[in-house]
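Here is coords.txt, consisting of compact mmCIF, C-alpha atoms:
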```txt
# COMPACT_ATOMS: atom_id res chain seq x y z
CA MET A 1471 39.02 -5.95 7.95
CA PRO A 1472 40.18 -3.60 10.78
CA THR A 1473 38.46 -4.28 14.11
CA THR A 1474 37.17 -1.57 16.48
CA PRO A 1475 36.51 -2.32 20.17
CA ILE A 1476 32.93 -1.81 21.36
CA THR A 1477 31.85 -1.69 24.99
CA ALA A 1478 29.07 -3.84 26.41
CA ASP A 1479 27.02 -0.73 27.18
CA ALA A 1480 27.40 0.65 23.65
CA LEU A 1481 26.45 -2.72 22.18
CA ASN A 1482 23.35 -2.81 24.39
CA ARG A 1483 22.22 0.72 23.57
CA THR A 1484 22.89 0.30 19.86
CA THR A 1485 20.72 -2.82 19.76
CA LEU A 1486 17.93 -1.11 21.71
CA ALA A 1487 18.07 1.94 19.46
CA ARG A 1488 17.66 -0.19 16.35
CA GLN A 1489 14.78 -1.99 18.01
CA GLN A 1490 13.06 1.36 18.72
CA LEU A 1491 13.28 0.66 22.46
CA LEU A 1492 15.11 3.85 23.43
CA THR A 1493 12.48 6.12 21.88
CA ARG A 1494 9.17 5.01 20.46
CA SER A 1495 8.96 5.71 16.74
CA GLY A 1496 6.32 7.93 15.22
CA ASP A 1497 6.55 6.29 11.79
CA ASP A 1498 3.80 4.25 10.17
CA VAL A 1499 3.25 0.58 10.97
CA PRO A 1500 5.04 -1.01 7.96
CA ALA A 1501 8.10 1.22 8.45
CA VAL A 1502 8.48 0.32 12.14
CA VAL A 1503 7.81 -3.37 11.56
CA GLY A 1504 10.46 -3.47 8.85
CA ARG A 1505 13.01 -1.45 10.80
CA VAL A 1506 12.95 -3.83 13.78
CA GLY A 1507 13.25 -6.96 11.63
CA GLY A 1508 9.64 -8.12 11.85
CA LEU A 1509 7.43 -9.07 14.79
CA GLN A 1510 7.34 -12.61 16.13
CA ALA A 1511 3.78 -13.90 15.72
CA GLN A 1512 3.24 -17.41 17.07
CA HIS A 1513 0.43 -16.00 19.19
CA ALA A 1514 -2.09 -13.59 17.69
CA ASP A 1515 -1.62 -10.90 20.35
CA MET A 1516 2.19 -10.89 20.51
CA PRO A 1517 2.87 -8.55 17.53
CA TYR A 1518 0.51 -5.94 18.95
CA ILE A 1519 2.35 -5.74 22.26
CA ALA A 1520 5.72 -5.83 20.51
CA LEU A 1521 4.66 -2.91 18.31
CA TRP A 1522 3.17 -0.98 21.24
CA ALA A 1523 6.57 -1.17 22.96
CA ARG A 1524 8.23 0.38 19.88
CA ARG A 1525 5.75 2.78 18.30
CA SER A 1526 4.10 5.86 19.75
CA GLY A 1527 0.35 6.17 19.49
CA GLN A 1528 0.09 2.44 18.86
CA THR A 1529 -3.42 1.01 18.83
CA ILE A 1530 -4.67 -2.47 18.11
CA GLY A 1531 -6.64 -1.08 15.19
CA GLY A 1532 -3.51 0.27 13.53
CA LEU A 1533 -1.87 -3.12 13.10
CA GLU A 1534 -5.18 -4.83 12.29
CA GLU A 1535 -5.76 -2.31 9.50
CA ALA A 1536 -2.24 -2.85 8.14
CA LEU A 1537 -2.81 -6.63 8.08
CA THR A 1538 -6.25 -6.35 6.49
CA ASP A 1539 -5.05 -3.87 3.85
CA GLY A 1540 -2.00 -5.98 3.04
CA GLU A 1541 0.58 -3.38 4.11
CA VAL A 1542 2.06 -6.05 6.39
CA VAL A 1543 1.57 -9.80 6.26
CA LYS A 1544 1.74 -12.75 8.64
CA ALA A 1545 3.83 -15.59 7.24
CA THR A 1546 6.39 -18.26 8.05
CA VAL A 1547 9.73 -16.66 7.27
CA MET A 1548 12.87 -16.26 9.43
CA ARG A 1549 13.82 -19.46 11.26
CA SER A 1550 10.69 -21.07 9.74
CA THR A 1551 8.71 -19.17 12.37
CA LEU A 1552 5.59 -17.03 12.07
CA HIS A 1553 6.30 -13.30 11.82
CA VAL A 1554 4.51 -10.15 10.79
CA VAL A 1555 6.67 -8.40 8.18
CA PRO A 1556 6.16 -5.58 5.67
CA SER A 1557 4.57 -6.95 2.54
CA ALA A 1558 7.31 -5.36 0.44
CA ASP A 1559 9.88 -7.51 2.31
CA TRP A 1560 7.90 -10.74 2.19
CA PRO A 1561 9.02 -12.11 -1.23
CA LEU A 1562 12.70 -11.87 -0.26
CA LEU A 1563 12.28 -13.27 3.25
CA ASP A 1564 10.02 -16.03 1.95
CA ALA A 1565 12.58 -17.07 -0.68
CA VAL A 1566 15.43 -17.27 1.87
CA SER A 1567 13.28 -19.21 4.34
CA ALA A 1568 12.01 -21.59 1.64
CA GLU A 1569 15.56 -22.38 0.56
CA GLN A 1570 16.34 -23.57 4.07
CA ARG A 1571 13.11 -25.57 4.42
CA LEU A 1572 13.55 -27.27 1.06
CA ALA A 1573 17.04 -28.36 2.12
CA ALA A 1574 15.69 -29.65 5.44
CA TRP A 1575 12.92 -31.75 3.87
CA ARG A 1576 14.61 -32.87 0.66
CA ALA A 1577 15.80 -36.26 1.97
CA SER A 1578 12.37 -37.14 3.37
CA ALA A 1579 10.69 -36.11 0.13
CA ARG A 1580 13.11 -38.27 -1.83
CA ARG A 1581 12.23 -41.28 0.31
CA ALA A 1582 8.54 -40.61 -0.28
CA GLY A 1583 9.01 -40.05 -4.01
CA VAL A 1584 7.67 -36.50 -3.70
CA ASP A 1585 8.78 -33.58 -5.87
CA LEU A 1586 8.89 -30.77 -3.31
CA VAL A 1587 9.01 -27.95 -5.85
CA GLY A 1588 6.27 -29.42 -8.01
CA LEU A 1589 4.05 -30.14 -5.00
CA ASN A 1590 4.53 -26.63 -3.70
CA ALA A 1591 3.60 -25.14 -7.08
CA ALA A 1592 0.41 -27.21 -7.15
CA VAL A 1593 -0.46 -26.15 -3.60
CA ARG A 1594 0.09 -22.48 -4.41
CA ALA A 1595 -2.33 -22.81 -7.31
CA PHE A 1596 -4.81 -24.61 -5.04
CA CYS A 1597 -4.45 -21.72 -2.59
CA ALA A 1598 -5.54 -19.11 -5.09
CA GLU A 1599 -8.41 -18.91 -2.59
CA PRO A 1600 -7.86 -19.12 1.18
CA ARG A 1601 -7.59 -22.72 2.41
CA THR A 1602 -7.35 -24.33 5.82
CA LEU A 1603 -4.42 -26.48 6.82
CA ASP A 1604 -6.62 -29.60 6.61
CA GLU A 1605 -7.66 -28.69 3.07
CA VAL A 1606 -4.04 -28.17 2.00
CA GLU A 1607 -2.97 -31.50 3.49
CA ALA A 1608 -5.84 -33.37 1.84
CA PHE A 1609 -5.01 -31.79 -1.51
CA ALA A 1610 -1.30 -32.62 -1.17
CA ALA A 1611 -2.01 -36.25 -0.29
CA GLU A 1612 -4.29 -36.55 -3.32
CA GLN A 1613 -1.34 -35.66 -5.57
CA TYR A 1614 0.50 -38.78 -4.36
CA PRO A 1615 -2.09 -41.51 -3.75
CA GLY A 1616 -0.81 -44.36 -1.63
CA VAL A 1617 2.23 -42.46 -0.32
CA ASP A 1618 2.71 -42.48 3.47
CA ALA A 1619 4.45 -39.15 4.12
CA VAL A 1620 4.87 -39.83 7.84
CA ALA A 1621 6.73 -43.08 7.19
CA ALA A 1622 9.21 -41.25 4.97
CA ILE A 1623 10.23 -38.87 7.78
CA PRO A 1624 12.62 -40.32 10.39
CA GLY A 1625 11.07 -40.14 13.84
CA GLY A 1626 7.73 -39.05 12.39
CA VAL A 1627 6.19 -35.59 12.66
CA SER A 1628 2.74 -34.12 12.92
CA ARG A 1629 1.24 -32.66 9.76
CA ALA A 1630 3.73 -34.42 7.47
CA TRP A 1631 1.97 -33.49 4.24
CA TRP A 1632 1.77 -29.84 5.29
CA ARG A 1633 5.50 -29.75 6.00
CA LEU A 1634 6.33 -31.16 2.59
CA ALA A 1635 3.75 -29.08 0.73
CA SER A 1636 4.72 -25.77 2.36
CA ALA A 1637 8.50 -26.27 2.29
CA GLY A 1638 8.79 -24.22 -0.91
CA GLY A 1639 7.10 -21.23 0.73
CA GLY A 1640 4.73 -18.85 -1.01
CA LEU A 1641 1.83 -19.11 1.43
CA VAL A 1642 0.66 -16.43 3.85
CA HIS A 1643 -1.99 -16.17 6.55
CA VAL A 1644 -5.06 -14.14 5.68
CA PRO A 1645 -7.26 -12.34 8.24
CA PRO A 1646 -8.84 -13.00 10.63
CA SER A 1647 -5.64 -14.93 11.39
CA GLY A 1648 -3.32 -12.38 12.95
CA LEU A 1649 -6.03 -10.09 14.26
CA TRP A 1650 -6.09 -9.25 17.96
CA GLY A 1651 -7.57 -12.02 20.08
CA SER A 1652 -8.23 -14.22 17.04
CA HIS A 1653 -7.88 -17.93 17.70
CA VAL A 1654 -9.62 -19.19 14.58
CA ALA A 1655 -7.95 -21.85 12.46
CA ALA A 1656 -5.49 -20.20 10.09
CA ARG A 1657 -6.36 -19.90 6.41
CA TYR A 1658 -3.57 -19.83 3.85
CA GLN A 1659 -3.41 -18.16 0.46
CA ASP A 1660 -0.79 -17.79 -2.25
CA GLY A 1661 1.01 -14.65 -1.10
CA ALA A 1662 1.38 -13.33 -4.63
CA ARG A 1663 -2.42 -13.31 -4.91
CA TRP A 1664 -3.19 -11.96 -1.44
CA LEU A 1665 -0.61 -9.20 -1.93
CA ALA A 1666 -1.29 -8.66 -5.63
CA ASP A 1667 -1.49 -4.87 -5.11
CA ARG A 1668 1.61 -4.82 -2.91
CA VAL A 1669 4.22 -6.99 -4.63
CA PRO A 1670 5.34 -7.40 -8.27
CA HIS A 1671 3.71 -10.09 -10.37
CA PRO A 1672 5.26 -12.40 -11.19
CA LEU A 1673 7.50 -12.30 -8.13
CA PRO A 1674 11.06 -11.37 -9.09
CA GLY A 1675 13.67 -14.08 -8.92
CA THR A 1676 16.84 -13.37 -6.94
CA ALA A 1677 20.04 -15.41 -6.94
CA PRO A 1678 20.34 -17.32 -3.63
CA ASP A 1679 23.55 -15.59 -2.49
CA GLU A 1680 22.13 -12.15 -3.24
CA ALA A 1681 18.84 -12.99 -1.49
CA ARG A 1682 20.68 -14.15 1.62
CA ALA A 1683 22.85 -11.03 1.56
CA ARG A 1684 19.80 -8.77 1.43
CA ALA A 1685 18.18 -10.70 4.29
CA VAL A 1686 21.40 -10.41 6.32
CA GLU A 1687 21.46 -6.67 5.63
CA LYS A 1688 17.94 -6.32 7.03
CA TYR A 1689 18.96 -8.36 10.07
CA LEU A 1690 22.02 -6.22 10.82
CA ARG A 1691 20.00 -3.00 10.51
CA ALA A 1692 17.67 -4.38 13.18
CA PHE A 1693 20.07 -6.25 15.50
CA GLY A 1694 23.67 -5.32 14.65
CA PRO A 1695 26.49 -5.35 15.47
CA ALA A 1696 26.27 -9.14 15.53
CA SER A 1697 28.46 -12.22 15.32
CA ALA A 1698 28.25 -14.69 12.47
CA ARG A 1699 26.44 -17.07 14.84
CA ASP A 1700 23.94 -14.34 15.71
CA VAL A 1701 23.24 -13.72 12.03
CA ALA A 1702 22.90 -17.41 11.22
CA ARG A 1703 20.43 -17.87 14.05
CA GLY A 1704 18.43 -14.71 13.44
CA VAL A 1705 18.00 -15.13 9.70
CA GLY A 1706 17.89 -18.93 9.82
CA ILE A 1707 20.82 -19.64 7.50
CA ARG A 1708 22.32 -23.12 7.66
CA GLY A 1709 25.81 -23.65 6.34
CA VAL A 1710 28.97 -21.66 7.05
CA GLY A 1711 29.73 -21.25 3.34
CA ALA A 1712 26.33 -19.78 2.52
CA LEU A 1713 26.66 -17.25 5.33
CA LYS A 1714 30.20 -16.27 4.35
CA ARG A 1715 29.12 -15.65 0.77
CA ALA A 1716 26.23 -13.48 1.94
CA LEU A 1717 28.47 -11.41 4.23
CA ALA A 1718 31.05 -11.02 1.47
CA LEU A 1719 28.49 -9.18 -0.67
CA LEU A 1720 27.96 -6.49 1.99
CA GLU A 1721 30.07 -3.50 2.95
CA LEU A 1722 30.80 -4.22 6.60
CA ARG A 1723 32.64 -2.91 9.62
CA ALA A 1724 34.12 -5.20 12.30
CA TYR A 1725 33.94 -4.75 16.07
CA ALA A 1726 35.56 -6.61 18.94
CA ALA A 1727 33.07 -7.44 21.70
CA PRO A 1728 34.25 -7.29 25.33
CA ASP A 1729 34.40 -11.11 25.44
CA GLY A 1730 36.63 -11.23 22.36
CA ARG A 1731 34.00 -12.24 19.81
CA GLU A 1732 34.16 -10.58 16.41
CA LEU A 1733 31.02 -8.71 15.48
CA VAL A 1734 30.11 -7.28 12.10
CA ASP A 1735 27.85 -4.42 11.17
CA LEU A 1736 26.88 -2.44 8.11
CA ALA A 1737 29.55 0.13 7.33
CA ASP A 1738 27.06 3.02 7.32
CA ALA A 1739 25.33 2.04 10.59
CA ASP A 1740 25.84 4.16 13.69
CA VAL A 1741 26.83 3.00 17.18
CA VAL A 1742 24.96 4.56 20.11
CA PRO A 1743 26.93 5.66 23.20
CA GLY A 1744 26.54 3.40 26.19
CA ASP A 1745 25.39 6.18 28.54
CA VAL A 1746 22.20 7.01 26.62
CA PRO A 1747 19.22 6.49 28.99
CA ALA A 1748 17.02 3.45 28.36
CA PRO A 1749 13.38 3.68 29.46
CA VAL A 1750 11.35 0.90 31.05
CA ARG A 1751 9.72 -1.42 28.54
CA LEU A 1752 7.50 -4.52 28.61
CA LEU A 1753 8.08 -6.97 25.75
CA PRO A 1754 5.81 -9.89 24.87
CA ARG A 1755 6.39 -13.64 24.96
CA TRP A 1756 8.89 -14.76 22.27
CA ASP A 1757 9.73 -11.18 21.34
CA GLN A 1758 12.01 -11.13 18.31
CA LEU A 1759 14.82 -9.42 20.26
CA LEU A 1760 14.88 -12.29 22.77
CA VAL A 1761 15.23 -15.02 20.12
CA ALA A 1762 17.12 -13.47 17.19
CA LEU A 1763 20.54 -13.40 18.93
CA ASP A 1764 22.74 -16.41 19.62
CA GLU A 1765 24.72 -14.64 22.38
CA ARG A 1766 22.28 -12.79 24.62
CA SER A 1767 24.52 -11.33 27.31
CA ARG A 1768 24.04 -7.85 25.79
CA ILE A 1769 20.41 -7.91 26.94
CA VAL A 1770 20.09 -10.39 29.84
CA ASP A 1771 22.49 -11.41 32.61
CA PRO A 1772 23.52 -15.08 32.39
CA GLU A 1773 22.27 -15.76 35.93
CA HIS A 1774 18.78 -14.63 34.90
CA ALA A 1775 18.60 -16.33 31.51
CA GLY A 1776 16.99 -19.47 32.93
CA LEU A 1777 14.14 -17.37 34.32
CA VAL A 1778 13.31 -16.13 30.81
CA TYR A 1779 14.26 -19.00 28.48
CA ARG A 1780 12.46 -22.09 29.74
CA ARG A 1781 13.35 -25.73 29.10
CA ASN A 1782 10.23 -26.25 26.99
CA ALA A 1783 11.53 -23.59 24.53
CA ASP A 1784 9.14 -20.98 25.92
CA VAL A 1785 10.43 -17.40 26.16
CA LEU A 1786 8.52 -15.44 28.78
CA PRO A 1787 7.24 -11.86 28.55
CA THR A 1788 9.97 -9.59 29.91
CA LEU A 1789 10.30 -6.43 32.00
CA TRP A 1790 13.21 -4.19 30.92
CA VAL A 1791 14.88 -1.69 33.24
CA ASP A 1792 17.94 0.36 32.28
CA GLY A 1793 18.24 -1.48 28.99
CA ARG A 1794 18.33 -5.04 30.33
CA VAL A 1795 15.86 -7.79 31.15
CA ALA A 1796 15.05 -7.25 34.81
CA GLY A 1797 12.04 -9.50 35.32
CA THR A 1798 8.97 -11.08 33.78
CA TRP A 1799 5.29 -10.20 33.67
CA THR A 1800 1.89 -11.70 32.94
CA LEU A 1801 -1.39 -10.24 31.73
CA ASP A 1802 -4.64 -11.74 33.00
CA VAL A 1803 -7.97 -10.51 31.67
CA ASP A 1804 -11.43 -11.74 32.60
CA ALA A 1805 -14.91 -10.27 32.49
CA ARG A 1806 -14.36 -8.14 35.60
CA ARG A 1807 -10.67 -7.31 35.92
CA ALA A 1808 -7.44 -6.95 33.95
CA THR A 1809 -4.16 -7.37 35.80
CA VAL A 1810 -0.52 -6.93 34.85
CA HIS A 1811 1.54 -8.91 37.37
CA LEU A 1812 5.23 -7.99 37.63
CA GLU A 1813 7.97 -10.31 38.85
CA PRO A 1814 11.34 -8.52 39.03
CA PHE A 1815 14.43 -10.68 39.46
CA THR A 1816 15.80 -8.52 42.29
CA GLY A 1817 14.79 -5.48 44.27
CA ASP A 1818 17.20 -3.38 42.24
CA ALA A 1819 15.12 -4.08 39.16
CA TRP A 1820 12.33 -1.81 40.34
CA ALA A 1821 13.37 0.06 43.48
CA HIS A 1822 14.49 3.23 41.66
CA HIS A 1823 12.06 2.85 38.75
CA ARG A 1824 8.82 1.91 40.47
CA ALA A 1825 6.75 4.79 39.11
CA GLU A 1826 8.05 4.30 35.58
CA VAL A 1827 7.43 0.53 35.71
CA GLU A 1828 3.87 1.01 36.93
CA ALA A 1829 3.16 3.68 34.32
CA GLU A 1830 4.36 1.37 31.55
CA ALA A 1831 2.22 -1.48 32.90
CA ALA A 1832 -0.78 0.84 33.07
CA SER A 1833 -0.14 1.84 29.44
CA LEU A 1834 -0.18 -1.84 28.48
CA LEU A 1835 -3.57 -2.18 30.19
CA ASP A 1836 -4.81 0.81 28.16
CA LEU A 1837 -3.83 -1.11 25.01
CA ALA A 1838 -4.91 -4.62 25.90
CA ALA A 1839 -7.82 -4.17 28.29
CA ALA A 1840 -9.31 -0.73 27.73
CA ASP A 1841 -12.84 -2.00 28.37
CA ALA A 1842 -12.09 -3.86 31.60
CA PRO A 1843 -14.21 -2.50 34.50
CA GLU A 1844 -11.23 -2.83 36.85
CA ARG A 1845 -7.54 -2.64 36.02
CA GLU A 1846 -4.59 -3.15 38.32
CA VAL A 1847 -0.82 -3.60 38.43
CA THR A 1848 0.50 -6.06 41.00
CA TRP A 1849 3.96 -7.10 42.14
CA ALA A 1850 5.41 -10.45 43.14
CA ALA A 1851 5.14 -11.10 46.86
CA GLU A 1852 8.68 -10.07 47.81
CA ALA A 1853 8.49 -6.81 45.89
CA ALA A 1854 4.94 -6.12 47.09
CA ARG A 1855 6.04 -6.23 50.74
CA GLU A 1856 8.23 -3.20 50.11
CA SER A 1857 6.44 -1.37 47.30
CA GLY A 1858 2.83 -2.04 48.22
CA ARG A 1859 0.11 -3.07 45.80
CA ALA A 1860 -0.38 -0.68 42.94
CA ARG A 1861 -3.84 -0.32 41.44
CA ARG A 1862 -5.21 1.57 38.51
```
What is this structure when it is put down as structure tokens?
Amino acid sequence: MPTTPITADALNRTTLARQQLLTRSGDDVPAVVGRVGGLQAQHADMPYIALWARRSGQTIGGLEEALTDGEVVKATVMRSTLHVVPSADWPLLDAVSAEQRLAAWRASARRAGVDLVGLNAAVRAFCAEPRTLDEVEAFAAEQYPGVDAVAAIPGGVSRAWWRLASAGGGLVHVPPSGLWGSHVAARYQDGARWLADRVPHPLPGTAPDEARARAVEKYLRAFGPASARDVARGVGIRGVGALKRALALLELRAYAAPDGRELVDLADADVVPGDVPAPVRLLPRWDQLLVALDERSRIVDPEHAGLVYRRNADVLPTLWVDGRVAGTWTLDVDARRATVHLEPFTGDAWAHHRAEVEAEAASLLDLAAADAPEREVTWAAEAARESGRARR
């Protein structure tokens, strides 16, 4: 495959364009969510802020309505992590994720004498109605009386029966899980039932290699050009052979990154020039763009990576200036006041963009704290000495 050089700036702008971070999209919620590869959703509020950064006119109600109506769904898919994805994409992404989880838990299930596929089928039937995690675990344990699932897993894990029962996929979160500010215990339902009006029934079967290839295609449309390691990490594919077979089914173009790495992209995908302006953005904790790449130098300088990616696996909310991570931020809301606090890495991160940064932070307050009696934007101490304290 011929290889075309690509500059660091073009790689950066191309990724941001596909993530809708150069210009907010005016498309509907499912279309934007699908185009950017899903929204990371470990915390209930994260998808709303991620979508606000990418979609014009975004309101909390828009995503809540899409979740409640089943246009999008919250489920464990890529990297065995919670995401909000379009319901039309869920069967494919669920199948690829389940394949990886079944492989990961197969040895433990064998030691316990548990049939992972059979157990999962029974749990899906049990979850014809929404069930709590405790109810699913109790049901799973009843299928194998006397079996100690924890003892069968080296090193032990929490929620052992849940891990075995859900390895085969098929379960989704149902509202109020996923709604803004909701911290209720999640309830799970068979996705084919919850999305009965949105997905075919029965769910279509897809050969594993084809399913992986289609998942990789979606990943590249959202994050490409990307290396094989990027793709493996972002989609959650284990095994070099499985990834090679998936890539072989796609029509691709190869690029040479500035550091010599080979990147691949869909043959019909465009590259954005590196001099296209990139506006200020605020992205939430664990945003998909921050975790779906193995090599992150296109978006964050190596010397700043430790200020974003913490040792406890946390990924902080980020401030973006000129297309790169330039700092972090926090949102604090109480009964009287809502505050966005900005911590740029260096003075250069905000000095020429102060008004734009503060306007973006104020827009976030409009989304997340519209009813707060007082709202303000504050800077870290060093920046505040030069910029002053901004209030809204």
Contact residues around segment 1702-1715 of chain A with all atoms listed in the file at 8 Å, ignoring same-chain residues under 3 positions, as an MDAnalysis selection string: chainID A and resid 1548:1550 1567 1570 1679 1682:1683 1685:1686 1689 1698:1699 1718:1719 1761:1764
Given all atoms listed in the file as the counted atoms, nearest of A:Arg1768, A:Arg1723, A:Arg1663, A:Arg1807 to Ala1739 of chain A: A:Arg1723
Atomic separation - atom CA of Val1547 of chain A relative to atom CA of Pro1500 of chain A, Å: 16.4 Å
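We find atom CA of Ala1558 of chain A and atom CA of Leu1521 of chain A to be spaced 18.2 Å apart.
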Neighbour residues at most 10 Å from (-8.3, -24.2, 5.6) (all atoms listed in the file) as a PyMOL selection string: chain A and resi 1597+1599-1607+1655-1659
Residues within 12 Å of segment 1625-1629 of chain A, all atoms listed in the file, excluding chain neighbours under 2 positions, as number ranges by chain: A: 1575, 1578, 1603-1608, 1610-1611, 1618-1623, 1631-1636
Hey, can you spit out that residue selection with C-alpha atoms as a CSV table (one decimal), keeping the file's coordinate frame?
```csv
chain,number,residue,atom,x,y,z
A,1575,TRP,CA,12.9,-31.8,3.9
A,1578,SER,CA,12.4,-37.1,3.4
A,1603,LEU,CA,-4.4,-26.5,6.8
A,1604,ASP,CA,-6.6,-29.6,6.6
A,1605,GLU,CA,-7.7,-28.7,3.1
A,1606,VAL,CA,-4.0,-28.2,2.0
A,1607,GLU,CA,-3.0,-31.5,3.5
A,1608,ALA,CA,-5.8,-33.4,1.8
A,1610,ALA,CA,-1.3,-32.6,-1.2
A,1611,ALA,CA,-2.0,-36.2,-0.3
A,1618,ASP,CA,2.7,-42.5,3.5
A,1619,ALA,CA,4.4,-39.2,4.1
A,1620,VAL,CA,4.9,-39.8,7.8
A,1621,ALA,CA,6.7,-43.1,7.2
A,1622,ALA,CA,9.2,-41.2,5.0
A,1623,ILE,CA,10.2,-38.9,7.8
A,1631,TRP,CA,2.0,-33.5,4.2
A,1632,TRP,CA,1.8,-29.8,5.3
A,1633,ARG,CA,5.5,-29.8,6.0
A,1634,LEU,CA,6.3,-31.2,2.6
A,1635,ALA,CA,3.8,-29.1,0.7
A,1636,SER,CA,4.7,-25.8,2.4
```
Cut-off 12 Å around (-5.2, -10.4, 1.4) with all atoms listed in the file: residues as a PyMOL selection string: chain A and resi 1535-1545+1557+1598-1600+1641-1648+1657-1669
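Separating atom CA of Arg1576 of chain A from atom CA of Pro1624 of chain A is a distance of 12.4 Å.
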Contacts of Pro1843 of chain A at 8 Å (only C-alpha atoms; same-chain gap of 2+ positions) as a ChimeraX atom specification: /A:1806-1807,1841,1845
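If only C-alpha atoms are the atoms counted, then among A:Leu1722, A:Arg1755, A:Ala1821, A:Ala1842 the closest residue to Met1471 of chain A is A:Leu1722.
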Using only C-alpha atoms: which of A:Pro1695, A:Pro1517, A:Gly1640, A:Pro1475 has the shortest distance to Phe1596 of chain A: A:Gly1640
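Using all atoms listed in the file, the nearest neighbour of Thr1473 of chain A within the list A:Leu1563, A:Ala1681, A:Leu1801, A:Ala1727 is A:Ala1727.
Of the residues listed (A:Leu1812, A:Ala1832, A:Leu1491, A:Ala1514), A:Ala1514 shows the shortest atom-to-atom separation from Val1654 of chain A; distances use all atoms listed in the file.
The shortest atom-to-atom distance to Thr1485 of chain A, with all atoms listed in the file taken into account, belongs to A:Val1506 out of A:Val1566, A:Ala1737, A:Val1506, A:Leu1720.
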Got a minute to add N, CA and C atoms to segment 1570-1584 of chain A and dump it as a PDB file, in the coordinates of the input?
```pdb
ATOM      1  N   GLN A1570      15.925 -22.788   2.914  1.00  0.00           N
ATOM      2  CA  GLN A1570      16.340 -23.570   4.070  1.00  0.00           C
ATOM      3  C   GLN A1570      15.383 -24.741   4.329  1.00  0.00           C
ATOM      4  N   ARG A1571      14.086 -24.501   4.179  1.00  0.00           N
ATOM      5  CA  ARG A1571      13.110 -25.570   4.420  1.00  0.00           C
ATOM      6  C   ARG A1571      13.212 -26.656   3.363  1.00  0.00           C
ATOM      7  N   LEU A1572      13.408 -26.267   2.115  1.00  0.00           N
ATOM      8  CA  LEU A1572      13.550 -27.270   1.060  1.00  0.00           C
ATOM      9  C   LEU A1572      14.758 -28.170   1.337  1.00  0.00           C
ATOM     10  N   ALA A1573      15.854 -27.559   1.795  1.00  0.00           N
ATOM     11  CA  ALA A1573      17.040 -28.360   2.120  1.00  0.00           C
ATOM     12  C   ALA A1573      16.759 -29.304   3.284  1.00  0.00           C
ATOM     13  N   ALA A1574      15.981 -28.836   4.261  1.00  0.00           N
ATOM     14  CA  ALA A1574      15.690 -29.650   5.440  1.00  0.00           C
ATOM     15  C   ALA A1574      14.810 -30.846   5.114  1.00  0.00           C
ATOM     16  N   TRP A1575      13.891 -30.694   4.148  1.00  0.00           N
ATOM     17  CA  TRP A1575      12.920 -31.750   3.870  1.00  0.00           C
ATOM     18  C   TRP A1575      13.228 -32.541   2.604  1.00  0.00           C
ATOM     19  N   ARG A1576      14.320 -32.222   1.946  1.00  0.00           N
ATOM     20  CA  ARG A1576      14.610 -32.870   0.660  1.00  0.00           C
ATOM     21  C   ARG A1576      14.807 -34.377   0.799  1.00  0.00           C
ATOM     22  N   ALA A1577      15.539 -34.820   1.812  1.00  0.00           N
ATOM     23  CA  ALA A1577      15.800 -36.260   1.970  1.00  0.00           C
ATOM     24  C   ALA A1577      14.510 -37.022   2.240  1.00  0.00           C
ATOM     25  N   SER A1578      13.643 -36.465   3.086  1.00  0.00           N
ATOM     26  CA  SER A1578      12.370 -37.140   3.370  1.00  0.00           C
ATOM     27  C   SER A1578      11.500 -37.201   2.123  1.00  0.00           C
ATOM     28  N   ALA A1579      11.482 -36.111   1.361  1.00  0.00           N
ATOM     29  CA  ALA A1579      10.690 -36.110   0.130  1.00  0.00           C
ATOM     30  C   ALA A1579      11.215 -37.132  -0.859  1.00  0.00           C
ATOM     31  N   ARG A1580      12.532 -37.286  -0.926  1.00  0.00           N
ATOM     32  CA  ARG A1580      13.110 -38.270  -1.830  1.00  0.00           C
ATOM     33  C   ARG A1580      12.671 -39.683  -1.438  1.00  0.00           C
ATOM     34  N   ARG A1581      12.674 -39.957  -0.146  1.00  0.00           N
ATOM     35  CA  ARG A1581      12.230 -41.280   0.310  1.00  0.00           C
ATOM     36  C   ARG A1581      10.763 -41.526  -0.035  1.00  0.00           C
ATOM     37  N   ALA A1582       9.967 -40.475   0.011  1.00  0.00           N
ATOM     38  CA  ALA A1582       8.540 -40.610  -0.280  1.00  0.00           C
ATOM     39  C   ALA A1582       8.245 -40.549  -1.778  1.00  0.00           C
ATOM     40  N   GLY A1583       9.246 -40.209  -2.578  1.00  0.00           N
ATOM     41  CA  GLY A1583       9.010 -40.050  -4.010  1.00  0.00           C
ATOM     42  C   GLY A1583       8.233 -38.802  -4.338  1.00  0.00           C
ATOM     43  N   VAL A1584       8.412 -37.738  -3.528  1.00  0.00           N
ATOM     44  CA  VAL A1584       7.670 -36.500  -3.700  1.00  0.00           C
ATOM     45  C   VAL A1584       8.574 -35.423  -4.283  1.00  0.00           C
TER      46      VAL A1584
END
```
